[in-house]
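Just upload-v2.cif here, mmCIF, C-alpha atoms and all ligand atoms:
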data_query
#
loop_
_atom_site.label_atom_id
_atom_site.label_comp_id
_atom_site.auth_asym_id
_atom_site.auth_seq_id
_atom_site.Cartn_x
_atom_site.Cartn_y
_atom_site.Cartn_z
CA MET M 943 88.02 83.26 94.35
CA LYS M 944 88.55 86.84 95.40
CA LEU M 945 90.13 89.45 93.14
CA PHE M 946 91.74 92.55 94.63
CA PHE M 947 91.57 95.31 92.05
CA SER M 948 91.84 99.02 91.43
CA PRO M 949 89.55 100.48 88.73
CA GLY M 950 91.21 100.62 85.30
CA ALA M 951 94.53 99.24 86.56
CA CYS M 952 96.05 96.07 85.15
CA SER M 953 93.78 94.13 87.52
CA LEU M 954 91.03 94.83 84.99
CA ALA M 955 92.58 92.00 82.93
CA PRO M 956 91.87 89.21 85.45
CA HIS M 957 88.51 90.86 86.14
CA ILE M 958 87.58 90.45 82.44
CA ALA M 959 89.03 86.92 82.39
CA LEU M 960 86.87 85.93 85.39
CA GLU M 961 83.82 87.22 83.52
CA GLU M 962 84.91 85.32 80.39
CA VAL M 963 85.13 81.98 82.20
CA GLY M 964 81.88 82.65 84.06
CA THR M 965 83.10 81.34 87.41
CA ASP M 966 81.98 82.50 90.87
CA TYR M 967 84.17 85.26 92.26
CA GLU M 968 84.15 88.27 94.54
CA THR M 969 86.00 91.53 94.11
CA VAL M 970 87.66 93.78 96.66
CA LYS M 971 88.41 97.34 95.62
CA VAL M 972 91.79 98.69 96.72
CA ASP M 973 92.88 102.32 97.05
CA LEU M 974 96.45 102.16 95.76
CA ALA M 975 97.32 105.52 97.32
CA THR M 976 96.39 104.51 100.87
CA ARG M 977 96.82 100.76 100.36
CA LYS M 978 93.52 100.17 102.09
CA THR M 979 90.61 98.13 100.84
CA GLU M 980 87.20 99.71 100.48
CA ALA M 981 86.34 98.22 103.89
CA GLY M 982 89.41 99.94 105.39
CA GLU M 983 91.52 96.79 105.68
CA ASP M 984 95.28 96.84 105.21
CA PHE M 985 95.99 95.70 101.65
CA LEU M 986 99.68 95.22 102.51
CA ALA M 987 98.62 92.31 104.68
CA VAL M 988 97.33 90.63 101.51
CA ASN M 989 100.20 91.67 99.22
CA PRO M 990 103.23 93.23 100.92
CA ALA M 991 104.23 94.65 97.51
CA GLY M 992 101.05 96.76 97.59
CA LYS M 993 100.20 95.95 93.98
CA VAL M 994 97.06 94.71 92.31
CA PRO M 995 95.99 92.26 90.98
CA VAL M 996 95.90 89.70 93.75
CA LEU M 997 93.80 86.58 93.39
CA VAL M 998 92.95 84.77 96.61
CA LEU M 999 91.90 81.22 95.85
CA ASP M 1000 89.11 79.38 97.67
CA SER M 1001 91.85 77.49 99.53
CA GLY M 1002 93.19 80.82 100.85
CA GLU M 1003 96.34 80.59 98.71
CA VAL M 1004 97.42 83.91 97.23
CA LEU M 1005 98.45 84.39 93.60
CA THR M 1006 100.10 87.53 92.27
CA GLU M 1007 101.43 88.62 88.85
CA ASN M 1008 99.17 88.94 85.85
CA PRO M 1009 100.68 86.19 83.67
CA ALA M 1010 100.22 83.62 86.46
CA ILE M 1011 96.78 84.88 87.52
CA LEU M 1012 95.47 85.03 83.95
CA THR M 1013 96.73 81.53 83.12
CA TYR M 1014 95.24 80.20 86.36
CA ILE M 1015 91.84 81.72 85.56
CA ALA M 1016 91.94 80.35 82.00
CA ASP M 1017 92.71 76.88 83.36
CA GLN M 1018 89.65 76.95 85.63
CA LYS M 1019 87.52 76.42 82.53
CA PRO M 1020 89.59 74.94 79.68
CA GLU M 1021 86.45 74.67 77.54
CA ALA M 1022 86.26 78.48 77.44
CA GLY M 1023 89.43 78.30 75.33
CA LEU M 1024 91.22 81.25 76.95
CA ALA M 1025 94.52 79.34 76.99
CA PRO M 1026 95.81 76.54 74.72
CA ARG M 1027 96.17 73.10 76.28
CA GLU M 1028 99.13 72.38 78.54
CA GLY M 1029 102.13 70.98 76.69
CA SER M 1030 101.18 72.42 73.31
CA LEU M 1031 103.49 74.83 71.50
CA ASP M 1032 100.64 77.34 71.41
CA ARG M 1033 100.61 77.27 75.20
CA TYR M 1034 104.25 78.43 75.24
CA ARG M 1035 103.43 81.08 72.64
CA LEU M 1036 100.72 82.37 74.98
CA LEU M 1037 103.18 82.42 77.90
CA SER M 1038 105.68 84.25 75.71
CA ARG M 1039 103.10 86.93 74.89
CA LEU M 1040 101.97 87.25 78.52
CA SER M 1041 105.61 87.65 79.60
CA PHE M 1042 106.18 90.31 76.95
CA LEU M 1043 103.05 92.19 78.03
CA GLY M 1044 104.00 92.08 81.71
CA SER M 1045 107.72 92.72 81.55
CA GLU M 1046 108.01 94.96 78.48
CA LEU M 1047 104.81 96.72 77.43
CA HIS M 1048 103.19 97.18 80.85
CA LYS M 1049 106.44 98.26 82.47
CA ALA M 1050 107.20 100.77 79.69
CA PHE M 1051 104.23 102.83 80.96
CA VAL M 1052 105.40 103.03 84.56
CA PRO M 1053 107.35 106.35 84.34
CA LEU M 1054 104.35 107.91 82.59
CA PHE M 1055 102.19 107.18 85.62
CA THR M 1056 104.85 108.07 88.19
CA PRO M 1057 104.29 111.45 89.85
CA GLY M 1058 107.53 113.37 89.97
CA ALA M 1059 109.21 111.54 87.06
CA SER M 1060 111.27 114.09 85.10
CA ASP M 1061 110.18 115.29 81.66
CA GLU M 1062 113.24 113.58 80.21
CA VAL M 1063 112.35 110.24 81.77
CA LYS M 1064 108.72 110.63 80.66
CA ALA M 1065 109.74 111.46 77.09
CA ALA M 1066 112.00 108.38 76.93
CA ALA M 1067 109.17 106.23 78.30
CA ALA M 1068 106.69 107.67 75.78
CA ASP M 1069 109.14 106.82 72.96
CA ALA M 1070 109.50 103.28 74.25
CA VAL M 1071 105.71 102.88 74.46
CA LYS M 1072 105.28 104.26 70.93
CA ASN M 1073 107.88 101.83 69.57
CA HIS M 1074 106.01 98.93 71.14
CA LEU M 1075 102.68 100.22 69.81
CA ALA M 1076 104.07 100.57 66.28
CA ALA M 1077 105.41 96.98 66.37
CA LEU M 1078 102.12 95.65 67.76
CA ASP M 1079 100.14 97.61 65.17
CA LYS M 1080 102.08 95.78 62.44
CA GLU M 1081 101.75 92.45 64.19
CA LEU M 1082 97.98 92.79 64.55
CA SER M 1083 97.39 94.04 61.03
CA GLY M 1084 94.96 91.58 59.39
CA LYS M 1085 94.81 89.47 62.56
CA GLU M 1086 91.76 88.95 64.72
CA TYR M 1087 93.59 88.06 67.92
CA TYR M 1088 97.01 88.59 69.45
CA CYS M 1089 97.90 84.93 69.90
CA GLY M 1090 96.87 82.65 67.04
CA ASP M 1091 93.30 82.34 65.79
CA GLN M 1092 91.75 82.07 69.20
CA PHE M 1093 90.78 84.78 71.69
CA SER M 1094 92.93 84.25 74.79
CA VAL M 1095 93.94 85.83 78.08
CA ALA M 1096 96.75 87.57 76.15
CA ASP M 1097 94.04 89.56 74.33
CA VAL M 1098 92.49 90.50 77.65
CA TYR M 1099 95.80 91.81 79.03
CA LEU M 1100 96.75 93.60 75.78
CA PHE M 1101 93.29 95.21 75.56
CA VAL M 1102 93.61 96.58 79.11
CA ILE M 1103 97.09 98.02 78.47
CA LEU M 1104 95.93 99.60 75.21
CA GLY M 1105 93.46 101.64 77.27
CA TRP M 1106 96.33 103.51 78.92
CA PRO M 1107 97.94 105.58 76.10
CA ALA M 1108 94.94 107.93 76.01
CA HIS M 1109 95.57 108.76 79.70
CA VAL M 1110 99.20 109.73 79.10
CA GLY M 1111 98.74 111.84 75.99
CA ILE M 1112 99.67 109.21 73.38
CA ASP M 1113 97.45 109.44 70.31
CA MET M 1114 96.17 105.98 69.37
CA SER M 1115 94.99 107.15 65.93
CA ALA M 1116 98.56 106.52 64.75
CA TYR M 1117 97.90 102.79 65.24
CA PRO M 1118 94.82 101.87 63.16
CA SER M 1119 95.13 98.08 63.53
CA LEU M 1120 95.27 98.46 67.30
CA GLY M 1121 92.26 100.79 67.22
CA ALA M 1122 90.22 98.26 65.24
CA TYR M 1123 91.43 95.43 67.49
CA CYS M 1124 90.38 97.31 70.66
CA GLY M 1125 87.00 98.06 69.09
CA ARG M 1126 86.45 94.32 68.49
CA ILE M 1127 87.54 93.23 71.96
CA ALA M 1128 85.44 95.97 73.59
CA GLN M 1129 82.32 94.33 72.10
CA ARG M 1130 82.74 91.24 74.23
CA PRO M 1131 80.07 90.99 76.94
CA ALA M 1132 82.71 90.05 79.55
CA VAL M 1133 84.58 93.29 78.85
CA GLY M 1134 81.41 95.34 79.25
CA ALA M 1135 80.53 93.54 82.48
CA ALA M 1136 83.97 94.07 84.07
CA LEU M 1137 84.12 97.73 83.00
CA LYS M 1138 80.67 98.30 84.46
CA ALA M 1139 81.60 96.56 87.70
CA GLU M 1140 84.68 98.82 88.03
CA GLY M 1141 82.56 101.94 87.36
CA LEU M 1142 84.25 102.57 84.02
CA ALA M 1143 81.47 101.80 81.53
N1 LIG Y 1 104.11 92.67 87.68
C1 LIG Y 1 102.83 92.94 88.28
C2 LIG Y 1 102.56 94.42 88.14
C3 LIG Y 1 101.40 94.86 88.95
C4 LIG Y 1 101.30 96.38 88.96
O1 LIG Y 1 102.24 97.09 88.57
N2 LIG Y 1 100.15 96.87 89.41
C5 LIG Y 1 99.96 98.30 89.51
C6 LIG Y 1 98.63 98.72 88.90
S1 LIG Y 1 98.61 98.47 87.13
C7 LIG Y 1 99.93 98.67 90.98
O2 LIG Y 1 99.32 98.01 91.78
N3 LIG Y 1 100.62 99.75 91.33
C8 LIG Y 1 100.63 100.26 92.68
C9 LIG Y 1 102.01 100.50 93.17
O3 LIG Y 1 102.98 100.18 92.45
O4 LIG Y 1 102.12 101.02 94.26
C10 LIG Y 1 101.73 92.12 87.59
O5 LIG Y 1 101.88 91.76 86.42
O6 LIG Y 1 100.72 91.78 88.20
#
Could you render the structure as structure tokens?
Amino acid sequence: MKLFFSPGACSLAPHIALEEVGTDYETVKVDLATRKTEAGEDFLAVNPAGKVPVLVLDSGEVLTENPAILTYIADQKPEAGLAPREGSLDRYRLLSRLSFLGSELHKAFVPLFTPGASDEVKAAAADAVKNHLAALDKELSGKEYYCGDQFSVADVYLFVILGWPAHVGIDMSAYPSLGAYCGRIAQRPAVGAALKAEGLA
């Protein structure tokens, strides 16, 4: 498998998941500004949307979108327990969380990272992010993991997104459960390995 990533972007989630399952994979670094790979290849030829992550399977098939990529990686090694078994209610709970993370939480940050977005738009986005963080802080209070009792790919995705508030001036000290949660997830060797590989450790 080959993961196209940009350091610290949401593609860090599948990068951590690949480390968690311990499978063979390669990475290709993408410059999102120029849409070129590190080797100077046209990233738009891989994903016309120009977005990371992209996972190219050994068959050459291309997978995009974090929820699908993360579930695919988890299913490569069911014994790693990163996703509940197919058909179980917990599996649908995981998919529900991954959908929320992708379509609500992740997307709430977009104006904050968009050059040229007006102050008004940025302030509305910051409020939306803070509302989500406050709800998640309550949800994770007294809980080890985001989705049931088991560490899953939803934790990987949530952990990566929770790294972004600090870059857009949102103070995470207002969310103590999330701070403690991030501290726990950061201890995982797979997290350290992926951060190091992306030059972020
Ligand atoms: N819905 C996509 C979102 C992917 C996405 O927004 N990726 C960002 C980085 S976090 C990106 O590549 N942005 C570059 C761009 O929009 O030009 C997913 O879940 O994979």
Centre and size of axis-aligned box enclosing stretch 974-984 of chain M plus 4 Å each side, as AutoDock Vina command-line options:
--center_x 91.8 --center_y 101.2 --center_z 100.7 --size_x 19.0 --size_y 16.7 --size_z 17.9
Would you be able to write out as a PyMOL selection string which residues have an atom within 12 Å of (92.8, 78.8, 82.9) in the file's coordinates, counting only C-alpha atoms?
chain M and resi 956+959-960+962-965+1009-1028+1033+1036+1094-1096
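Considering all atoms listed in the file, the residue among M:Glu1086, M:Gly1141, M:Lys1064, M:Asp1000 positioned nearest to M:Ser948 is M:Gly1141.
Across the structure, atom CA of M:His1074 and atom CA of M:Pro1107 are spaced 11.6 Å apart.
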Between atom CA of M:Glu1140 and atom CA of M:Lys978, what is the spacing in Å?
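Interatomic distance, atom CA of M:Lys978 to atom CA of M:Glu1140: 16.7 Å.
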Any idea what the distance is between atom CA of M:Gly1002 and atom CA of M:Thr976?
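Here the two named atoms are 23.9 Å from each other.
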List the neighbours of M:Asp1069 out to 12 Å using only C-alpha atoms; skip same-chain residues closer than 6 positions along the sequence, and give me the result as a ChimeraX atom specification.
/M:1047,1050-1051,1053-1054,1062-1063,1075-1076,1107,1111-1112
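Shortest separation to M:Ser1083 among M:Leu945, M:Met1114, M:Ala1066, M:Ala1122 occurs at residue M:Ala1122, atoms counted being only C-alpha atoms.
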Would you give me, as JSON lines, each residue of chain M having an atom within 9 Å of an atom of ligand LIG 1 (chain Y), along with its shortest atom pair and that distance in Å to one decimal, using only C-alpha atoms and all ligand atoms and sorting by chain and residue number?
{"residue": "M:Phe947", "atom": "CA", "partner": "Y:LIG1", "partner_atom": "O2", "distance": 8.2}
{"residue": "M:Ser948", "atom": "CA", "partner": "Y:LIG1", "partner_atom": "C6", "distance": 7.3}
{"residue": "M:Gly950", "atom": "CA", "partner": "Y:LIG1", "partner_atom": "S1", "distance": 7.9}
{"residue": "M:Ala951", "atom": "CA", "partner": "Y:LIG1", "partner_atom": "S1", "distance": 4.2}
{"residue": "M:Cys952", "atom": "CA", "partner": "Y:LIG1", "partner_atom": "S1", "distance": 4.0}
{"residue": "M:Ser953", "atom": "CA", "partner": "Y:LIG1", "partner_atom": "S1", "distance": 6.5}
{"residue": "M:Leu954", "atom": "CA", "partner": "Y:LIG1", "partner_atom": "S1", "distance": 8.7}
{"residue": "M:Leu974", "atom": "CA", "partner": "Y:LIG1", "partner_atom": "C8", "distance": 5.5}
{"residue": "M:Ala975", "atom": "CA", "partner": "Y:LIG1", "partner_atom": "O4", "distance": 7.3}
{"residue": "M:Arg977", "atom": "CA", "partner": "Y:LIG1", "partner_atom": "O4", "distance": 8.1}
{"residue": "M:Ala991", "atom": "CA", "partner": "Y:LIG1", "partner_atom": "O4", "distance": 7.5}
{"residue": "M:Gly992", "atom": "CA", "partner": "Y:LIG1", "partner_atom": "O4", "distance": 5.5}
{"residue": "M:Lys993", "atom": "CA", "partner": "Y:LIG1", "partner_atom": "O2", "distance": 3.1}
{"residue": "M:Val994", "atom": "CA", "partner": "Y:LIG1", "partner_atom": "O2", "distance": 4.0}
{"residue": "M:Pro995", "atom": "CA", "partner": "Y:LIG1", "partner_atom": "O6", "distance": 5.5}
{"residue": "M:Val996", "atom": "CA", "partner": "Y:LIG1", "partner_atom": "O6", "distance": 7.6}
{"residue": "M:Thr1006", "atom": "CA", "partner": "Y:LIG1", "partner_atom": "O6", "distance": 5.9}
{"residue": "M:Glu1007", "atom": "CA", "partner": "Y:LIG1", "partner_atom": "O6", "distance": 3.3}
{"residue": "M:Asn1008", "atom": "CA", "partner": "Y:LIG1", "partner_atom": "O5", "distance": 4.0}
{"residue": "M:Pro1009", "atom": "CA", "partner": "Y:LIG1", "partner_atom": "O5", "distance": 6.3}
{"residue": "M:Ala1010", "atom": "CA", "partner": "Y:LIG1", "partner_atom": "O5", "distance": 8.3}
{"residue": "M:Ile1011", "atom": "CA", "partner": "Y:LIG1", "partner_atom": "O6", "distance": 8.0}
{"residue": "M:Ser1041", "atom": "CA", "partner": "Y:LIG1", "partner_atom": "O5", "distance": 8.8}
{"residue": "M:Leu1043", "atom": "CA", "partner": "Y:LIG1", "partner_atom": "O5", "distance": 8.5}
{"residue": "M:Gly1044", "atom": "CA", "partner": "Y:LIG1", "partner_atom": "O5", "distance": 5.2}
{"residue": "M:Ser1045", "atom": "CA", "partner": "Y:LIG1", "partner_atom": "N1", "distance": 7.1}
{"residue": "M:His1048", "atom": "CA", "partner": "Y:LIG1", "partner_atom": "O1", "distance": 7.8}
{"residue": "M:Lys1049", "atom": "CA", "partner": "Y:LIG1", "partner_atom": "O1", "distance": 7.5}
{"residue": "M:Val1052", "atom": "CA", "partner": "Y:LIG1", "partner_atom": "O1", "distance": 7.8}
{"residue": "M:Ile1103", "atom": "CA", "partner": "Y:LIG1", "partner_atom": "S1", "distance": 8.8}
What's the 10 Å shell around stretch 1126-1128 of chain M, counting all atoms listed in the file, without same-chain residues fewer than 5 positions away, as a PyMOL selection string?
chain M and resi 1086-1087+1093+1097-1098+1100-1102+1120-1121+1133-1134+1137
Ranking M:Cys1124, M:Val1110, M:Val1004, M:Leu986 by minimum distance to M:Ala1065 and counting only C-alpha atoms, which one comes first?
M:Val1110
Counting all atoms listed in the file, the option among M:Ala1132, M:Cys1089, M:Ala1143, M:Leu1104 closest to M:Tyr1034
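Distance minimum relative to M:Tyr1034 lands on M:Cys1089.
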Which residue out of M:Asp1061, M:Pro990, M:Gly1090, M:Leu999 has the minimum interatomic distance to M:Asp966 when all atoms listed in the file are used?
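So, comparing all the options, the nearest one is M:Leu999.
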In terms of the shortest atom-to-atom distance over all atoms listed in the file, which of M:Ala1070, M:Ala1059, M:Trp1106, M:Ser1119 is closest to M:Lys1085?
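Once distances to M:Lys1085 are computed over all atoms listed in the file, the minimum belongs to M:Ser1119.
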Could I get stretch 1043-1078 of chain M rebuilt with N, CA and C atoms, written as a PDB file, in the frame of the given file?
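Now in selection.pdb:
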ATOM      1  N   LEU M1043     103.990  91.144  77.591  1.00  0.00           N
ATOM      2  CA  LEU M1043     103.050  92.190  78.030  1.00  0.00           C
ATOM      3  C   LEU M1043     103.401  92.667  79.437  1.00  0.00           C
ATOM      4  N   GLY M1044     103.722  91.716  80.324  1.00  0.00           N
ATOM      5  CA  GLY M1044     104.000  92.080  81.710  1.00  0.00           C
ATOM      6  C   GLY M1044     105.348  92.770  81.878  1.00  0.00           C
ATOM      7  N   SER M1045     106.369  92.223  81.248  1.00  0.00           N
ATOM      8  CA  SER M1045     107.720  92.720  81.550  1.00  0.00           C
ATOM      9  C   SER M1045     108.170  93.825  80.609  1.00  0.00           C
ATOM     10  N   GLU M1046     107.569  93.938  79.446  1.00  0.00           N
ATOM     11  CA  GLU M1046     108.010  94.960  78.480  1.00  0.00           C
ATOM     12  C   GLU M1046     106.945  96.050  78.302  1.00  0.00           C
ATOM     13  N   LEU M1047     105.789  95.676  77.762  1.00  0.00           N
ATOM     14  CA  LEU M1047     104.810  96.720  77.430  1.00  0.00           C
ATOM     15  C   LEU M1047     104.252  97.412  78.682  1.00  0.00           C
ATOM     16  N   HIS M1048     103.752  96.611  79.614  1.00  0.00           N
ATOM     17  CA  HIS M1048     103.190  97.180  80.850  1.00  0.00           C
ATOM     18  C   HIS M1048     104.220  98.059  81.543  1.00  0.00           C
ATOM     19  N   LYS M1049     105.409  97.535  81.713  1.00  0.00           N
ATOM     20  CA  LYS M1049     106.440  98.260  82.470  1.00  0.00           C
ATOM     21  C   LYS M1049     106.907  99.529  81.756  1.00  0.00           C
ATOM     22  N   ALA M1050     106.791  99.560  80.431  1.00  0.00           N
ATOM     23  CA  ALA M1050     107.200 100.770  79.690  1.00  0.00           C
ATOM     24  C   ALA M1050     106.351 101.975  80.100  1.00  0.00           C
ATOM     25  N   PHE M1051     105.130 101.728  80.570  1.00  0.00           N
ATOM     26  CA  PHE M1051     104.230 102.830  80.960  1.00  0.00           C
ATOM     27  C   PHE M1051     104.555 103.415  82.332  1.00  0.00           C
ATOM     28  N   VAL M1052     105.288 102.656  83.149  1.00  0.00           N
ATOM     29  CA  VAL M1052     105.400 103.030  84.560  1.00  0.00           C
ATOM     30  C   VAL M1052     105.867 104.478  84.773  1.00  0.00           C
ATOM     31  N   PRO M1053     106.941 104.957  84.098  1.00  0.00           N
ATOM     32  CA  PRO M1053     107.350 106.350  84.340  1.00  0.00           C
ATOM     33  C   PRO M1053     106.255 107.358  83.975  1.00  0.00           C
ATOM     34  N   LEU M1054     105.401 106.978  83.022  1.00  0.00           N
ATOM     35  CA  LEU M1054     104.350 107.910  82.590  1.00  0.00           C
ATOM     36  C   LEU M1054     103.263 108.074  83.647  1.00  0.00           C
ATOM     37  N   PHE M1055     103.179 107.102  84.532  1.00  0.00           N
ATOM     38  CA  PHE M1055     102.190 107.180  85.620  1.00  0.00           C
ATOM     39  C   PHE M1055     102.837 107.551  86.956  1.00  0.00           C
ATOM     40  N   THR M1056     104.141 107.811  86.933  1.00  0.00           N
ATOM     41  CA  THR M1056     104.850 108.070  88.190  1.00  0.00           C
ATOM     42  C   THR M1056     104.919 109.566  88.474  1.00  0.00           C
ATOM     43  N   PRO M1057     104.220 110.024  89.529  1.00  0.00           N
ATOM     44  CA  PRO M1057     104.290 111.450  89.850  1.00  0.00           C
ATOM     45  C   PRO M1057     105.740 111.813  90.171  1.00  0.00           C
ATOM     46  N   GLY M1058     106.173 112.933  89.652  1.00  0.00           N
ATOM     47  CA  GLY M1058     107.530 113.370  89.970  1.00  0.00           C
ATOM     48  C   GLY M1058     108.589 112.867  89.000  1.00  0.00           C
ATOM     49  N   ALA M1059     108.218 111.976  88.062  1.00  0.00           N
ATOM     50  CA  ALA M1059     109.210 111.540  87.060  1.00  0.00           C
ATOM     51  C   ALA M1059     109.567 112.762  86.199  1.00  0.00           C
ATOM     52  N   SER M1060     110.840 112.896  85.857  1.00  0.00           N
ATOM     53  CA  SER M1060     111.270 114.090  85.100  1.00  0.00           C
ATOM     54  C   SER M1060     110.703 114.049  83.682  1.00  0.00           C
ATOM     55  N   ASP M1061     110.669 115.223  83.037  1.00  0.00           N
ATOM     56  CA  ASP M1061     110.180 115.290  81.660  1.00  0.00           C
ATOM     57  C   ASP M1061     111.036 114.409  80.743  1.00  0.00           C
ATOM     58  N   GLU M1062     112.329 114.387  81.028  1.00  0.00           N
ATOM     59  CA  GLU M1062     113.240 113.580  80.210  1.00  0.00           C
ATOM     60  C   GLU M1062     112.904 112.081  80.311  1.00  0.00           C
ATOM     61  N   VAL M1063     112.691 111.660  81.542  1.00  0.00           N
ATOM     62  CA  VAL M1063     112.350 110.240  81.770  1.00  0.00           C
ATOM     63  C   VAL M1063     111.001 109.932  81.115  1.00  0.00           C
ATOM     64  N   LYS M1064     110.054 110.862  81.252  1.00  0.00           N
ATOM     65  CA  LYS M1064     108.720 110.630  80.660  1.00  0.00           C
ATOM     66  C   LYS M1064     108.804 110.580  79.138  1.00  0.00           C
ATOM     67  N   ALA M1065     109.622 111.451  78.556  1.00  0.00           N
ATOM     68  CA  ALA M1065     109.740 111.460  77.090  1.00  0.00           C
ATOM     69  C   ALA M1065     110.364 110.154  76.596  1.00  0.00           C
ATOM     70  N   ALA M1066     111.360 109.651  77.330  1.00  0.00           N
ATOM     71  CA  ALA M1066     112.000 108.380  76.930  1.00  0.00           C
ATOM     72  C   ALA M1066     110.994 107.234  77.050  1.00  0.00           C
ATOM     73  N   ALA M1067     110.176 107.275  78.114  1.00  0.00           N
ATOM     74  CA  ALA M1067     109.170 106.230  78.300  1.00  0.00           C
ATOM     75  C   ALA M1067     108.114 106.295  77.195  1.00  0.00           C
ATOM     76  N   ALA M1068     107.698 107.521  76.841  1.00  0.00           N
ATOM     77  CA  ALA M1068     106.690 107.670  75.780  1.00  0.00           C
ATOM     78  C   ALA M1068     107.244 107.117  74.460  1.00  0.00           C
ATOM     79  N   ASP M1069     108.531 107.369  74.176  1.00  0.00           N
ATOM     80  CA  ASP M1069     109.140 106.820  72.960  1.00  0.00           C
ATOM     81  C   ASP M1069     109.134 105.296  72.983  1.00  0.00           C
ATOM     82  N   ALA M1070     109.471 104.745  74.138  1.00  0.00           N
ATOM     83  CA  ALA M1070     109.500 103.280  74.250  1.00  0.00           C
ATOM     84  C   ALA M1070     108.098 102.702  74.027  1.00  0.00           C
ATOM     85  N   VAL M1071     107.100 103.351  74.636  1.00  0.00           N
ATOM     86  CA  VAL M1071     105.710 102.880  74.460  1.00  0.00           C
ATOM     87  C   VAL M1071     105.326 102.957  72.981  1.00  0.00           C
ATOM     88  N   LYS M1072     105.660 104.087  72.341  1.00  0.00           N
ATOM     89  CA  LYS M1072     105.280 104.260  70.930  1.00  0.00           C
ATOM     90  C   LYS M1072     105.960 103.213  70.047  1.00  0.00           C
ATOM     91  N   ASN M1073     107.204 102.887  70.352  1.00  0.00           N
ATOM     92  CA  ASN M1073     107.880 101.830  69.570  1.00  0.00           C
ATOM     93  C   ASN M1073     107.159 100.500  69.706  1.00  0.00           C
ATOM     94  N   HIS M1074     106.756 100.187  70.928  1.00  0.00           N
ATOM     95  CA  HIS M1074     106.010  98.930  71.140  1.00  0.00           C
ATOM     96  C   HIS M1074     104.685  98.977  70.390  1.00  0.00           C
ATOM     97  N   LEU M1075     103.998 100.115  70.464  1.00  0.00           N
ATOM     98  CA  LEU M1075     102.680 100.220  69.810  1.00  0.00           C
ATOM     99  C   LEU M1075     102.815 100.068  68.302  1.00  0.00           C
ATOM    100  N   ALA M1076     103.871 100.671  67.738  1.00  0.00           N
ATOM    101  CA  ALA M1076     104.070 100.570  66.280  1.00  0.00           C
ATOM    102  C   ALA M1076     104.317  99.111  65.882  1.00  0.00           C
ATOM    103  N   ALA M1077     105.118  98.396  66.686  1.00  0.00           N
ATOM    104  CA  ALA M1077     105.410  96.980  66.370  1.00  0.00           C
ATOM    105  C   ALA M1077     104.136  96.138  66.508  1.00  0.00           C
ATOM    106  N   LEU M1078     103.355  96.415  67.562  1.00  0.00           N
ATOM    107  CA  LEU M1078     102.120  95.650  67.760  1.00  0.00           C
ATOM    108  C   LEU M1078     101.100  95.960  66.671  1.00  0.00           C
TER     109      LEU M1078
END
